[in-house]
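Q: Sharing a structure below in structure tokens format, with a few things to ask.
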Amino acid sequence: MNKTVEVLPDQPALVARALELILSKLETAIEQRGRFSIALSGGSTPKPLYEAIANQKLPWDKIHIFWGDERYVPPDHPDSNELMTRRAWLDHVDIPAANIHPVPTLEANPELAAAKYEQQLKEFFNSSGVEFPSLDVILLGMGDDAHTASLFPHTEALKVRDRLVTVGNKDGNPRISFTYPFINAASSVIFLVAGANKRPALAQVFAPVADDFTYPSRLIQPQGELWWLLDAAAGLELQD
Ligand code: 6PG
């Protein structure tokens, strides 16, 4: 694993750096393999990044969008990560509908939604073997409880190692989430973390020893590149 931690002065600088990094990975992936696959996170931090990407002139027909987690709500529900992303970005660019791969949250129950999304991922990557397919980039946030995607502390989702997608649980509300082994199979994982409220969780995630099930972001140890992009409010104590 190749881990890089960058502390940016403020949120606009954080967004600018994340944009630069993603565009660089996008260019390389398209040059080398003719397409770029990225899984997005929800929450509030990435929204300005999505708005910034929407202003870029990119080969949208070569770009494929997934979500690393989603609330088990219809795509027009105010809590939907897909809805937030479409409003901030996807509705404003000429990306083919077939390149947008939302979590099928209209399935009858969360388990069916997770299983269907897993099948769609396997078909996209033409992967039927035991190897986890590898997304080019997975963008993650981190909650102040050190959760990431919808892998919340002390939940069953943290124990799932033989699936790509599982059912997460936040205070009794079902979520659909990539599993941590699937996240770890990505070529690059980029955490975007802002705000002083994230400092205590970051201290535990970066500690030499702490409990992974209490601080789930510790489980993210990708075989490829791991980037932590922090604003100064979040990353103050982590600056070298
Ligand atoms: C979600 C996100 C979640 C988010 C963190 C951080 O569906 O809410 O995927 O994992 O990334 O909760 O959220 P903020 O960026 O809003 O702090």
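In the structure tokens, the first chain shown is A, the next is B, and so on; residue numbers restart at 1 for each chain, and ligands run from 1 in the order shown.
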Excluding region 140-155 of chain A and residues on its chain fewer than 2 positions from it, collect all residues at most 8 Å away from it, counting only C-alpha atoms, and give them as a PyMOL selection string.
A: chain A and resi 40-43+45-46+68-70+138+157-159+168-170+175-180+189-193+197-202+205+213-217
Q: If DSSP is run on the backbone, what residues of region 110-230 of chain A are strand (DSSP E or B)? A reply as a PyMOL selection string would be ideal.
A: chain A and resi 137-140+148+151+165-170+173-178+188-193+225-230
Q: List as an MDAnalysis selection string the protein and nucleic acid residues near region 99-107 of chain A, meaning an atom at most 10 Å away when only C-alpha atoms are counted, but skip any in the same chain fewer than 5 places from it.
A: chainID A and resid 37 39 60:75 80:83 86 90 112:118 120:121 124 175:177
Q: Find, counting only C-alpha atoms, the residue in A:Asp136, A:Glu131, A:Asp94, A:Asp171 that gets nearest to Leu23 (chain A).
A: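 So, comparing all the options, the nearest one is A:Asp136.
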Q: Interatomic distance between CA of Ala54 (chain A) and CA of Asp91 (chain A)?
A: 8.7 Å
Q: What does the distance from CA of Ser24 (chain A) to CA of Pro9 (chain A) come to in Å, to one decimal?
A: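 Distance reported for this atom pair: 21.3 Å.
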Q: Need the shell around Asn2 (chain A): protein/DNA/RNA residues with any atom at most 8 Å away, counting only C-alpha atoms. Skip same-chain ones fewer than 6 positions apart. Format as a ChimeraX atom specification?
A: /A:223-226
Q: Could the residues in this selection be saved with N, CA, C and O atoms as a compact mmCIF listing (two decimals), in the first residue's frame?
A:
# COMPACT_ATOMS: atom_id res chain seq x y z
N GLN A 223 -4.62 -2.23 -1.76
CA GLN A 223 -3.39 -2.77 -2.37
C GLN A 223 -2.76 -1.71 -3.27
O GLN A 223 -1.58 -1.71 -3.52
N GLY A 224 -3.54 -0.75 -3.69
CA GLY A 224 -3.03 0.32 -4.56
C GLY A 224 -2.70 1.55 -3.76
O GLY A 224 -2.08 1.48 -2.70
N GLU A 225 -3.14 2.72 -4.26
CA GLU A 225 -2.81 3.98 -3.61
C GLU A 225 -3.90 4.38 -2.62
O GLU A 225 -5.08 4.25 -2.91
N LEU A 226 -3.45 4.87 -1.44
CA LEU A 226 -4.37 5.42 -0.45
C LEU A 226 -4.02 6.89 -0.24
O LEU A 226 -2.89 7.22 0.11
Q: Please report the interatomic distance between CA of Leu58 (chain A) and CA of Leu135 (chain A) in Å with one decimal.
A: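 Between these atoms lies a distance of 18.6 Å.
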Q: So, counting only C-alpha atoms, which residue among A:Ile183, A:Ala88, A:Leu49, A:Val165 is closest to Leu14 (chain A)?
A: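 Comparing A:Ile183, A:Ala88, A:Leu49, A:Val165 against Leu14 (chain A), the winner is A:Leu49.
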Q: When you count only C-alpha atoms and all ligand atoms, which of these residues is closest to ligand 1: A:Lys3, A:His92, A:Arg218, A:Lys47?
A: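 Under the stated criterion, the closest residue is A:Lys47.
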Q: Per DSSP on the backbone, filter region 78-202 of chain A down to the residues in alpha helix (DSSP H) and report them as a VMD selection string.
A: chain A and resid 81 to 88 110 to 124 180 to 184 199 to 202
Q: In terms of the shortest atom-to-atom distance over only C-alpha atoms and all ligand atoms, which of A:Ser44, A:Gln221, A:Ser134, A:Asn126 is closest to ligand 1?
A: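 Nearest to ligand 1: A:Ser44.
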Q: For ligand 1, which of A:Ile22, A:Leu238, A:Leu230, A:Leu164 is the closest residue, counting only C-alpha atoms and all ligand atoms?
A: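 For ligand 1, the nearest of the candidates is A:Leu230.
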